[in-house]
file run_11.pdb (PDB, C-alpha atoms (C1' of nucleotides))
ATOM      1  CA  MET A  73       0.000   0.000   0.000
ATOM      2  CA  THR A  74       1.155   3.420  -0.894
ATOM      3  CA  PRO A  75       1.007   6.022   1.859
ATOM      4  CA  ALA A  76      -0.474   9.336   0.784
ATOM      5  CA  VAL A  77       2.525  11.120   2.214
ATOM      6  CA  PRO A  78       5.699   9.154   1.521
ATOM      7  CA  ALA A  79       7.202   8.921   4.986
ATOM      8  CA  THR A  80      10.795   9.861   5.561
ATOM      9  CA  SER A  81      12.822   6.714   5.315
ATOM     10  CA  SER A  82      14.451   5.105   8.299
ATOM     11  CA  ARG A  83      17.869   5.683   6.786
ATOM     12  CA  ALA A  84      19.463   8.263   8.985
ATOM     13  CA  LEU A  85      22.083  10.792   7.972
ATOM     14  CA  PRO A  86      24.566  12.208  10.491
ATOM     15  CA  HIS A  87      24.127  15.926  11.172
ATOM     16  CA  PRO A  88      26.168  17.953  13.628
ATOM     17  CA  PRO A  89      24.042  19.362  16.467
ATOM     18  CA  ARG A  90      23.716  23.113  16.545
ATOM     19  CA  GLU A  91      26.313  23.574  19.266
ATOM     20  CA  GLU A  92      28.931  21.800  17.227
ATOM     21  CA  ILE A  93      28.640  23.917  14.118
ATOM     22  CA  ARG A  94      31.909  25.783  13.598
ATOM     23  CA  LEU A  95      32.175  29.047  11.758
ATOM     24  CA  GLU A  96      35.364  27.985  10.023
ATOM     25  CA  ALA A  97      33.689  24.856   8.691
ATOM     26  CA  VAL A  98      30.737  26.871   7.415
ATOM     27  CA  LEU A  99      33.028  29.316   5.646
ATOM     28  CA  HIS A 100      35.050  26.514   4.174
ATOM     29  CA  ALA A 101      31.907  24.807   2.934
ATOM     30  CA  LEU A 102      30.780  28.009   1.244
ATOM     31  CA  SER A 103      34.168  28.788  -0.262
ATOM     32  CA  ASP A 104      33.556  26.338  -3.079
ATOM     33  CA  PRO A 105      31.725  27.893  -6.055
ATOM     34  CA  LEU A 106      29.578  24.833  -6.576
ATOM     35  CA  ARG A 107      28.534  24.635  -2.967
ATOM     36  CA  LEU A 108      27.853  28.339  -2.757
ATOM     37  CA  ARG A 109      25.648  27.949  -5.794
ATOM     38  CA  ILE A 110      23.758  25.095  -4.162
ATOM     39  CA  VAL A 111      23.151  27.139  -1.051
ATOM     40  CA  ARG A 112      21.990  30.153  -3.030
ATOM     41  CA  GLU A 113      19.547  28.032  -4.928
ATOM     42  CA  LEU A 114      18.318  26.450  -1.740
ATOM     43  CA  ALA A 115      17.779  29.854  -0.195
ATOM     44  CA  ALA A 116      15.925  31.127  -3.242
ATOM     45  CA  ASP A 117      13.788  28.175  -4.218
ATOM     46  CA  GLY A 118      12.744  26.902  -0.834
ATOM     47  CA  ASP A 119      13.707  24.105   1.403
ATOM     48  CA  GLU A 120      12.405  21.073  -0.372
ATOM     49  CA  LEU A 121      14.768  20.369  -3.218
ATOM     50  CA  THR A 122      16.076  16.962  -4.180
ATOM     51  CA  CYS A 123      19.689  16.528  -5.159
ATOM     52  CA  SER A 124      18.740  15.790  -8.738
ATOM     53  CA  GLN A 125      16.897  19.066  -9.163
ATOM     54  CA  PHE A 126      20.241  20.797  -9.230
ATOM     55  CA  VAL A 127      21.830  20.786 -12.642
ATOM     56  CA  LEU A 128      25.475  20.813 -11.730
ATOM     57  CA  PRO A 129      28.391  20.510 -14.121
ATOM     58  CA  VAL A 130      29.820  17.513 -12.287
ATOM     59  CA  THR A 131      29.065  13.832 -11.998
ATOM     60  CA  LYS A 132      26.675  12.392  -9.455
ATOM     61  CA  SER A 133      29.494  11.182  -7.221
ATOM     62  CA  THR A 134      31.000  14.626  -7.002
ATOM     63  CA  SER A 135      27.587  16.075  -6.353
ATOM     64  CA  THR A 136      27.057  13.685  -3.473
ATOM     65  CA  HIS A 137      30.427  14.685  -2.095
ATOM     66  CA  HIS A 138      29.552  18.383  -2.068
ATOM     67  CA  PHE A 139      26.182  17.819  -0.464
ATOM     68  CA  ARG A 140      27.858  15.825   2.238
ATOM     69  CA  VAL A 141      30.398  18.563   2.904
ATOM     70  CA  LEU A 142      27.539  21.027   3.310
ATOM     71  CA  ARG A 143      25.668  18.674   5.610
ATOM     72  CA  GLU A 144      28.674  17.881   7.793
ATOM     73  CA  ALA A 145      29.466  21.565   8.141
ATOM     74  CA  GLY A 146      25.950  22.105   9.432
ATOM     75  CA  VAL A 147      24.823  24.260   6.525
ATOM     76  CA  ILE A 148      22.102  22.019   5.149
ATOM     77  CA  ARG A 149      19.785  19.357   6.463
ATOM     78  CA  GLN A 150      19.216  16.220   4.429
ATOM     79  CA  VAL A 151      16.343  13.811   4.832
ATOM     80  CA  TYR A 152      15.405  10.790   2.780
ATOM     81  CA  ARG A 153      11.925  10.669   1.394
ATOM     82  CA  GLY A 154      11.500   7.493  -0.563
ATOM     83  CA  THR A 155      14.233   7.325  -3.148
ATOM     84  CA  ALA A 156      14.739  11.049  -3.147
ATOM     85  CA  LYS A 157      16.743  13.048  -0.643
ATOM     86  CA  MET A 158      15.375  16.391   0.369
ATOM     87  CA  ASN A 159      17.759  19.230   1.054
ATOM     88  CA  GLY A 160      17.067  22.247   3.196
ATOM     89  CA  LEU A 161      19.049  25.114   4.630
ATOM     90  CA  ARG A 162      19.523  25.005   8.413
ATOM     91  CA  ARG A 163      18.420  28.601   8.661
ATOM     92  CA  ASP A 164      17.153  28.318  12.227
ATOM     93  CA  ASP A 165      20.418  26.911  13.539
ATOM     94  CA  LEU A 166      22.663  29.211  11.560
ATOM     95  CA  ASP A 167      20.640  32.288  12.468
ATOM     96  CA  GLY A 168      20.652  31.194  16.090
ATOM     97  CA  LEU A 169      24.392  30.779  16.178
ATOM     98  CA  PHE A 170      25.402  33.638  13.906
ATOM     99  CA  PRO A 171      22.586  36.164  13.579
ATOM    100  CA  GLY A 172      22.686  37.947  10.264
ATOM    101  CA  LEU A 173      25.566  35.972   8.853
ATOM    102  CA  LEU A 174      23.658  33.837   6.400
ATOM    103  CA  ASP A 175      21.747  36.799   5.020
ATOM    104  CA  ALA A 176      24.951  38.780   4.651
ATOM    105  CA  LEU A 177      26.581  35.903   2.828
ATOM    106  CA  LEU A 178      23.631  35.415   0.509
ATOM    107  CA  ALA A 179      23.458  39.129  -0.192
ATOM    108  CA  ALA A 180      27.175  39.182  -0.933
ATOM    109  CA  ALA A 181      26.843  36.255  -3.312
ATOM    110  CA  GLU A 182      23.891  37.916  -5.010
ATOM    111  CA  ARG A 183      25.807  41.131  -5.430
ATOM    112  CA  GLN A 184      28.820  39.419  -6.876
ATOM    113  CA  ALA A 185      26.696  37.381  -9.274
ATOM    114  CA  ALA A 186      25.009  40.558 -10.478
ATOM    115  CA  ARG A 187      28.322  42.320 -10.825
ATOM    116  CA  LEU A 188      29.911  39.515 -12.795
ATOM    117  CA  GLY A 189      26.894  39.159 -15.025
ATOM    118  CA  THR A 190      26.403  35.529 -14.169
ATOM    119  CA  THR A 191      23.543  34.404 -12.030
ATOM    120  CA  GLY A 192      25.368  31.451 -10.638
ATOM    121  CA  ARG A 193      22.042  29.657 -10.866
ATOM    122  CA  THR A 194      21.602  26.409 -12.727
ATOM    123  CA  GLY A 195      19.648  27.791 -15.619
ATOM    124  CA  PRO A 196      16.290  29.021 -16.948
TER     125      PRO A 196
ATOM    126  CA  MET B 139      69.956  61.015   6.634
ATOM    127  CA  THR B 140      66.950  59.651   8.402
ATOM    128  CA  PRO B 141      63.558  60.769   7.216
ATOM    129  CA  ALA B 142      61.237  61.789  10.042
ATOM    130  CA  VAL B 143      58.499  59.631   8.631
ATOM    131  CA  PRO B 144      59.972  56.388   7.331
ATOM    132  CA  ALA B 145      58.624  56.344   3.803
ATOM    133  CA  THR B 146      56.905  53.266   2.505
ATOM    134  CA  SER B 147      59.483  51.287   0.640
ATOM    135  CA  SER B 148      59.568  50.927  -3.078
ATOM    136  CA  ARG B 149      59.103  47.198  -2.758
ATOM    137  CA  ALA B 150      55.657  46.578  -4.084
ATOM    138  CA  LEU B 151      53.358  43.775  -3.067
ATOM    139  CA  PRO B 152      50.726  42.490  -5.475
ATOM    140  CA  HIS B 153      47.187  43.222  -4.357
ATOM    141  CA  PRO B 154      44.075  42.337  -6.312
ATOM    142  CA  PRO B 155      42.142  45.454  -7.335
ATOM    143  CA  ARG B 156      38.747  45.818  -5.744
ATOM    144  CA  GLU B 157      36.870  44.538  -8.783
ATOM    145  CA  GLU B 158      38.806  41.309  -8.758
ATOM    146  CA  ILE B 159      38.089  40.350  -5.196
ATOM    147  CA  ARG B 160      36.027  37.177  -5.199
ATOM    148  CA  LEU B 161      33.680  36.176  -2.429
ATOM    149  CA  GLU B 162      34.774  32.559  -2.597
ATOM    150  CA  ALA B 163      38.397  33.535  -2.119
ATOM    151  CA  VAL B 164      37.519  35.723   0.859
ATOM    152  CA  LEU B 165      35.555  32.914   2.475
ATOM    153  CA  HIS B 166      38.327  30.475   1.814
ATOM    154  CA  ALA B 167      40.857  32.844   3.330
ATOM    155  CA  LEU B 168      38.746  33.208   6.461
ATOM    156  CA  SER B 169      38.044  29.496   6.788
ATOM    157  CA  ASP B 170      41.432  28.936   8.380
ATOM    158  CA  PRO B 171      41.425  29.425  12.163
ATOM    159  CA  LEU B 172      44.771  31.175  12.165
ATOM    160  CA  ARG B 173      43.775  33.582   9.430
ATOM    161  CA  LEU B 174      40.417  34.287  11.021
ATOM    162  CA  ARG B 175      42.294  35.102  14.201
ATOM    163  CA  ILE B 176      44.597  37.470  12.364
ATOM    164  CA  VAL B 177      41.675  39.282  10.818
ATOM    165  CA  ARG B 178      39.852  39.568  14.132
ATOM    166  CA  GLU B 179      42.911  41.049  15.748
ATOM    167  CA  LEU B 180      43.375  43.444  12.873
ATOM    168  CA  ALA B 181      39.780  44.568  13.174
ATOM    169  CA  ALA B 182      40.089  45.055  16.908
ATOM    170  CA  ASP B 183      43.501  46.622  17.279
ATOM    171  CA  GLY B 184      43.545  48.932  14.327
ATOM    172  CA  ASP B 185      45.105  48.955  10.948
ATOM    173  CA  GLU B 186      48.746  49.393  11.635
ATOM    174  CA  LEU B 187      50.099  46.112  12.870
ATOM    175  CA  THR B 188      53.339  44.516  11.772
ATOM    176  CA  CYS B 189      53.505  40.807  11.106
ATOM    177  CA  SER B 190      55.717  40.269  14.113
ATOM    178  CA  GLN B 191      53.212  41.804  16.497
ATOM    179  CA  PHE B 192      51.089  38.727  16.099
ATOM    180  CA  VAL B 193      52.105  35.915  18.376
ATOM    181  CA  LEU B 194      51.082  32.928  16.330
ATOM    182  CA  PRO B 195      51.802  29.299  17.173
ATOM    183  CA  VAL B 196      53.605  28.727  13.885
ATOM    184  CA  THR B 197      56.959  29.572  12.398
ATOM    185  CA  LYS B 198      57.632  32.771  10.536
ATOM    186  CA  SER B 199      57.486  31.029   7.173
ATOM    187  CA  THR B 200      54.026  29.727   7.869
ATOM    188  CA  SER B 201      53.003  33.110   9.137
ATOM    189  CA  THR B 202      54.190  34.712   5.925
ATOM    190  CA  HIS B 203      52.196  32.162   3.988
ATOM    191  CA  HIS B 204      48.959  32.987   5.801
ATOM    192  CA  PHE B 205      49.438  36.717   5.406
ATOM    193  CA  ARG B 206      49.949  36.224   1.722
ATOM    194  CA  VAL B 207      46.783  34.184   1.374
ATOM    195  CA  LEU B 208      44.875  36.982   3.079
ATOM    196  CA  ARG B 209      46.465  39.601   0.868
ATOM    197  CA  GLU B 210      45.895  37.702  -2.360
ATOM    198  CA  ALA B 211      42.270  37.144  -1.446
ATOM    199  CA  GLY B 212      41.904  40.903  -1.010
ATOM    200  CA  VAL B 213      41.186  40.776   2.709
ATOM    201  CA  ILE B 214      44.203  42.710   3.914
ATOM    202  CA  ARG B 215      46.528  45.351   2.568
ATOM    203  CA  GLN B 216      50.259  45.065   3.161
ATOM    204  CA  VAL B 217      52.751  47.872   2.859
ATOM    205  CA  TYR B 218      56.416  47.914   3.619
ATOM    206  CA  ARG B 219      57.622  50.603   5.957
ATOM    207  CA  GLY B 220      61.322  50.268   6.409
ATOM    208  CA  THR B 221      62.029  46.728   7.461
ATOM    209  CA  ALA B 222      58.597  46.189   8.898
ATOM    210  CA  LYS B 223      55.459  45.355   6.982
ATOM    211  CA  MET B 224      52.254  46.999   8.040
ATOM    212  CA  ASN B 225      49.036  45.077   7.766
ATOM    213  CA  GLY B 226      45.584  46.568   7.478
ATOM    214  CA  LEU B 227      42.104  45.313   6.755
ATOM    215  CA  ARG B 228      40.719  46.375   3.377
ATOM    216  CA  ARG B 229      37.531  47.523   5.029
ATOM    217  CA  ASP B 230      36.691  50.096   2.401
ATOM    218  CA  ASP B 231      36.932  47.657  -0.472
ATOM    219  CA  LEU B 232      35.192  44.814   1.317
ATOM    220  CA  ASP B 233      32.383  47.045   2.540
ATOM    221  CA  GLY B 234      32.038  48.481  -0.928
ATOM    222  CA  LEU B 235      31.762  45.098  -2.552
ATOM    223  CA  PHE B 236      29.833  43.262   0.127
ATOM    224  CA  PRO B 237      28.128  45.705   2.481
ATOM    225  CA  GLY B 238      27.698  44.267   5.934
ATOM    226  CA  LEU B 239      29.559  41.073   5.251
ATOM    227  CA  LEU B 240      32.737  41.825   7.141
ATOM    228  CA  ASP B 241      30.856  43.009  10.197
ATOM    229  CA  ALA B 242      28.647  39.942  10.119
ATOM    230  CA  LEU B 243      31.681  37.705   9.873
ATOM    231  CA  LEU B 244      33.474  39.461  12.710
ATOM    232  CA  ALA B 245      30.373  39.346  14.865
ATOM    233  CA  ALA B 246      29.972  35.647  14.133
ATOM    234  CA  ALA B 247      33.588  34.983  15.054
ATOM    235  CA  GLU B 248      33.199  36.997  18.240
ATOM    236  CA  ARG B 249      30.089  35.083  19.176
ATOM    237  CA  GLN B 250      31.681  31.726  18.583
ATOM    238  CA  ALA B 251      34.784  32.690  20.547
ATOM    239  CA  ALA B 252      32.607  33.748  23.468
ATOM    240  CA  ARG B 253      30.564  30.589  23.250
ATOM    241  CA  LEU B 254      33.606  28.335  23.167
ATOM    242  CA  GLY B 255      35.264  30.213  25.985
ATOM    243  CA  THR B 256      38.345  30.999  23.951
ATOM    244  CA  THR B 257      39.042  34.461  22.723
ATOM    245  CA  GLY B 258      40.956  33.355  19.700
ATOM    246  CA  ARG B 259      43.252  36.299  20.424
ATOM    247  CA  THR B 260      46.970  35.926  20.747
ATOM    248  CA  GLY B 261      47.088  36.717  24.431
ATOM    249  CA  PRO B 262      48.590  39.287  26.822
TER     250      PRO B 262
ATOM    251  C1'  DA C  96      81.367  48.735   5.532
ATOM    252  C1'  DG C  97      79.504  45.604   8.583
ATOM    253  C1'  DC C  98      75.929  43.817  11.813
ATOM    254  C1'  DG C  99      71.248  42.843  13.246
ATOM    255  C1'  DT C 100      66.428  42.477  12.298
ATOM    256  C1'  DA C 101      62.169  41.743   9.459
ATOM    257  C1'  DA C 102      60.391  39.254   6.219
ATOM    258  C1'  DT C 103      60.659  36.348   1.649
ATOM    259  C1'  DA C 104      61.781  32.508  -1.360
ATOM    260  C1'  DC C 105      62.448  27.970  -2.220
ATOM    261  C1'  DG C 106      62.084  23.221  -1.500
ATOM    262  C1'  DA C 107      60.041  19.350   0.808
ATOM    263  C1'  DG C 108      56.865  16.649   3.586
ATOM    264  C1'  DA C 109      52.265  15.182   5.157
ATOM    265  C1'  DG C 110      47.587  15.822   4.876
ATOM    266  C1'  DT C 111      43.289  17.242   2.556
ATOM    267  C1'  DT C 112      40.193  18.088  -1.420
ATOM    268  C1'  DA C 113      37.879  17.762  -5.878
ATOM    269  C1'  DT C 114      36.978  14.954  -9.385
ATOM    270  C1'  DC C 115      35.890  10.843 -11.729
ATOM    271  C1'  DG C 116      34.377   5.758 -12.822
ATOM    272  C1'  DT C 117      32.341   1.700 -11.519
ATOM    273  C1'  DA C 118      29.832  -1.154  -8.508
ATOM    274  C1'  DC C 119      26.275  -1.383  -5.048
ATOM    275  C1'  DG C 120      21.910  -0.541  -2.069
ATOM    276  C1'  DA C 121      17.201   1.338  -1.217
ATOM    277  C1'  DG C 122      12.864   2.494  -2.867
ATOM    278  C1'  DT C 123       9.097   2.716  -6.439
ATOM    279  C1'  DC C 124       6.387   1.112 -10.315
ATOM    280  C1'  DT C 125       4.581  -2.327 -13.663
TER     281       DT C 125
ATOM    282  C1'  DA D  82       9.703 -10.633  -9.362
ATOM    283  C1'  DG D  83      11.954  -7.542 -12.364
ATOM    284  C1'  DA D  84      13.266  -3.164 -14.067
ATOM    285  C1'  DC D  85      14.185   1.524 -13.312
ATOM    286  C1'  DT D  86      15.716   5.599 -10.629
ATOM    287  C1'  DC D  87      18.116   8.011  -7.046
ATOM    288  C1'  DG D  88      21.781   8.231  -4.458
ATOM    289  C1'  DT D  89      26.055   5.914  -1.830
ATOM    290  C1'  DA D  90      30.511   3.634  -1.336
ATOM    291  C1'  DC D  91      34.957   2.764  -2.668
ATOM    292  C1'  DG D  92      38.961   3.307  -5.041
ATOM    293  C1'  DA D  93      42.101   6.161  -7.679
ATOM    294  C1'  DT D  94      44.309  10.342  -9.149
ATOM    295  C1'  DA D  95      45.716  15.015  -9.550
ATOM    296  C1'  DA D  96      45.882  19.314  -7.362
ATOM    297  C1'  DC D  97      46.136  22.037  -3.602
ATOM    298  C1'  DT D  98      47.329  23.419   1.477
ATOM    299  C1'  DC D  99      49.684  23.714   5.711
ATOM    300  C1'  DT D 100      53.755  23.182   7.831
ATOM    301  C1'  DC D 101      58.558  23.478   8.379
ATOM    302  C1'  DG D 102      63.837  24.430   7.703
ATOM    303  C1'  DT D 103      67.310  26.840   5.462
ATOM    304  C1'  DA D 104      69.126  30.298   2.472
ATOM    305  C1'  DT D 105      68.445  35.100   0.917
ATOM    306  C1'  DT D 106      67.112  39.844   0.367
ATOM    307  C1'  DA D 107      65.929  44.541   2.071
ATOM    308  C1'  DC D 108      66.473  47.954   5.412
ATOM    309  C1'  DG D 109      68.259  50.625   9.451
ATOM    310  C1'  DC D 110      71.966  51.516  12.704
ATOM    311  C1'  DT D 111      76.677  51.826  14.586
TER     312       DT D 111
END
call {"tool": "encode", "arguments": {"input": "run_11.pdb", "output": "structure tokens"}}
result
Amino acid sequence: MTPAVPATSSRALPHPPREEIRLEAVLHALSDPLRLRIVRELAADGDELTCSQFVLPVTKSTSTHHFRVLREAGVIRQVYRGTAKMNGLRRDDLDGLFPGLLDALLAAAERQAARLGTTGRTGP
Amino acid sequence: MTPAVPATSSRALPHPPREEIRLEAVLHALSDPLRLRIVRELAADGDELTCSQFVLPVTKSTSTHHFRVLREAGVIRQVYRGTAKMNGLRRDDLDGLFPGLLDALLAAAERQAARLGTTGRTGP
DNA sequence: AGCGTAATACGAGAGTTATCGTACGAGTCT
DNA sequence: AGACTCGTACGATAACTCTCGTATTACGCT
């Protein structure tokens, strides 16, 4: 029988608790262009995106790697739902730890993208 | 003859112009604990610190390396004055490119240092 | 000129990262 | 059950980073 709402799978993914999120790790995670792009897209399009909705210029393995880096740094939250894996920004935790930081970073990325004439987004 | 104000030496150090400063490079530069510490100290103590005024738990070579990473990312400005090298935050350029970012980053670092019970400063 | 100090350059080592390819596991649909 | 899709795991490799030690350059002072 098919549940109306596909329950989150029992497969658990390790996330650092809020207290263990380190600023350096967050900055390192966001210092990669691909990962910054993922985070920008996540912030713009909402919190319920599967990995495959991102059109990234790398293979699936590499993609998985980057998502894991973001998760282990405490930047995103990942949850299985059926065969898909939903990705969401950990806005609450990041804002709690570093008020204003995430917005400043997103604004900075937006500004740079506008200045360089490239959206940094995955496409139309 | 000794000039009253020791003129900045002719030795020039390569700095990226403001337009070439990239957010990713800045984040990468600040993702190292030692470099974040340097920047915090620079922000707190003013803009006229020599390299040797920082008491860092690494050798001079390594220190030089970190200062160069910061300079090449566009985070700091370095100028020779006699035998010393003065270091200063590029606040104007960073604020111009990414308004509010530097302050948010410094505030985040301050918060984390307070939370972890370590100042991240070099000590008395 | 000669000495001392501040910082660099260069080379080398260990560790980390980004990327890929292939093989595998979990879940859904017919 | 079988096939298909989404994502992971495991190597492997190349590039980069942090660290150091030693040799060197630039500057100020005696």
call {"tool": "axis_aligned_box", "arguments": {"input": "run_11.pdb", "around": "stretch 167-179 of chain B", "padding_each_side": "5 Å", "output": "JSON"}}
result
{"center_x": 41.4, "center_y": 35.0, "center_z": 9.5, "size_x": 16.7, "size_y": 22.1, "size_z": 22.4}
call {"tool": "residues_around", "arguments": {"input": "run_11.pdb", "residues": "D:DT89", "least_positions_apart": "6", "cutoff": "9 Å", "atoms": "only C-alpha atoms (C1' of nucleotides)", "output": "mmCIF file with C-alpha atoms (C1' of nucleotides), in the frame of the given file"}}
result
data_model
loop_
_atom_site.group_PDB
_atom_site.id
_atom_site.type_symbol
_atom_site.label_atom_id
_atom_site.label_comp_id
_atom_site.auth_asym_id
_atom_site.auth_seq_id
_atom_site.Cartn_x
_atom_site.Cartn_y
_atom_site.Cartn_z
ATOM 1 C CA SER A 133 29.494 11.182 -7.221
ATOM 2 C CA THR A 136 27.057 13.685 -3.473
ATOM 3 C "C1'" DC C 119 26.275 -1.383 -5.048
ATOM 4 C "C1'" DG C 120 21.910 -0.541 -2.069
#
call {"tool": "residues_around", "arguments": {"input": "run_11.pdb", "residues": "C:DA121", "least_positions_apart": "4", "cutoff": "9 Å", "atoms": "only C-alpha atoms (C1' of nucleotides)", "output": "list in words"}}
result
Gly154 and Thr155 of chain A; DC87 and DG88 of chain D
call {"tool": "residues_around", "arguments": {"input": "run_11.pdb", "residues": "A:Arg149", "least_positions_apart": "6", "cutoff": "8 Å", "atoms": "all atoms listed in the file", "output": "list in words"}}
result
His87, Arg143, Asn159, Gly160, Leu161 and Arg162 of chain A
call {"tool": "write_last_selection", "arguments": {"input": "run_11.pdb", "atoms": "C-alpha atoms", "output": "PDB file, in the frame of the given file"}}
result
ATOM      1  CA  HIS A  87      24.127  15.926  11.172  1.00  0.00           C
ATOM      2  CA  ARG A 143      25.668  18.674   5.610  1.00  0.00           C
ATOM      3  CA  ASN A 159      17.759  19.230   1.054  1.00  0.00           C
ATOM      4  CA  GLY A 160      17.067  22.247   3.196  1.00  0.00           C
ATOM      5  CA  LEU A 161      19.049  25.114   4.630  1.00  0.00           C
ATOM      6  CA  ARG A 162      19.523  25.005   8.413  1.00  0.00           C
TER       7      ARG A 162
END
call {"tool": "resolve_selection", "arguments": {"input": "run_11.pdb", "expression": "the PyMOL selection byres ((chain A and resi 84-86) around 12)", "output": "number ranges by chain"}}
result
A: 80-83, 87-89, 139-146, 148-153, 157-159; D: 89
call {"tool": "resolve_selection", "arguments": {"input": "run_11.pdb", "expression": "the PyMOL selection byres ((chain A) within 9 of (chain B))", "output": "list in words"}}
result
Arg94, Leu95, Glu96, Ala97, Val98, Leu99, His100, Ala101, Leu102, Ser103, Asp104, Pro105, Leu108, Leu169, Phe170, Pro171, Gly172, Leu173, Leu174, Asp175, Ala176, Leu177, Ala179, Ala180, Ala181, Arg183 and Gln184 of chain A
call {"tool": "residues_around", "arguments": {"input": "run_11.pdb", "residues": "C:DA101", "least_positions_apart": "5", "cutoff": "9 Å", "atoms": "all atoms listed in the file", "output": "PyMOL selection string"}}
result
(chain B and resi 189-190+221-223) or (chain D and resi 107-108)
call {"tool": "closest_atom_pairs", "arguments": {"input": "run_11.pdb", "of": "chain C", "to": "chain A", "cutoff": "10 Å", "atoms": "all atoms listed in the file", "output": "tab-separated table"}}
result
residue	atom	partner	partner_atom	distance
C:DA113	C1'	A:Thr134	CA	7.6
C:DT114	C1'	A:Thr134	CA	6.4
C:DC115	C1'	A:Thr131	CA	7.5
C:DG116	C1'	A:Ser133	CA	9.2
C:DA121	C1'	A:Thr155	CA	7.0
C:DG122	C1'	A:Thr155	CA	5.0
C:DT123	C1'	A:Thr155	CA	7.6
call {"tool": "atom_distance", "arguments": {"input": "run_11.pdb", "atom1": "atom CA of B:Val177", "atom2": "atom CA of A:Asp167"}}
result
22.2 Å
call {"tool": "atom_distance", "arguments": {"input": "run_11.pdb", "atom1": "atom C1' of C:DA96", "atom2": "atom C1' of D:DT111"}}
result
10.7 Å
call {"tool": "atom_distance", "arguments": {"input": "run_11.pdb", "atom1": "atom CA of B:Val213", "atom2": "atom CA of B:Val193"}}
result
19.7 Å
call {"tool": "residues_around", "arguments": {"input": "run_11.pdb", "residues": "C:DA107", "least_positions_apart": "5", "cutoff": "12 Å", "atoms": "only C-alpha atoms (C1' of nucleotides)", "output": "list in words"}}
result
DT100, DC101, DG102 and DT103 of chain D
call {"tool": "closest_residue", "arguments": {"input": "run_11.pdb", "among": "A:Asp165, A:Pro129, A:Gly189, A:Thr122", "to": "chain D", "atoms": "all atoms listed in the file"}}
result
A:Thr122
call {"tool": "resolve_selection", "arguments": {"input": "run_11.pdb", "expression": "the PyMOL selection byres ((chain D and resi 96) around 10)", "output": "list in words"}}
result
DT112 and DA113 of chain C; DT94, DA95, DC97 and DT98 of chain D
call {"tool": "closest_residue", "arguments": {"input": "run_11.pdb", "among": "D:DA90, D:DC110, D:DA104, D:DC99", "to": "chain A", "atoms": "all atoms listed in the file"}}
result
D:DA90
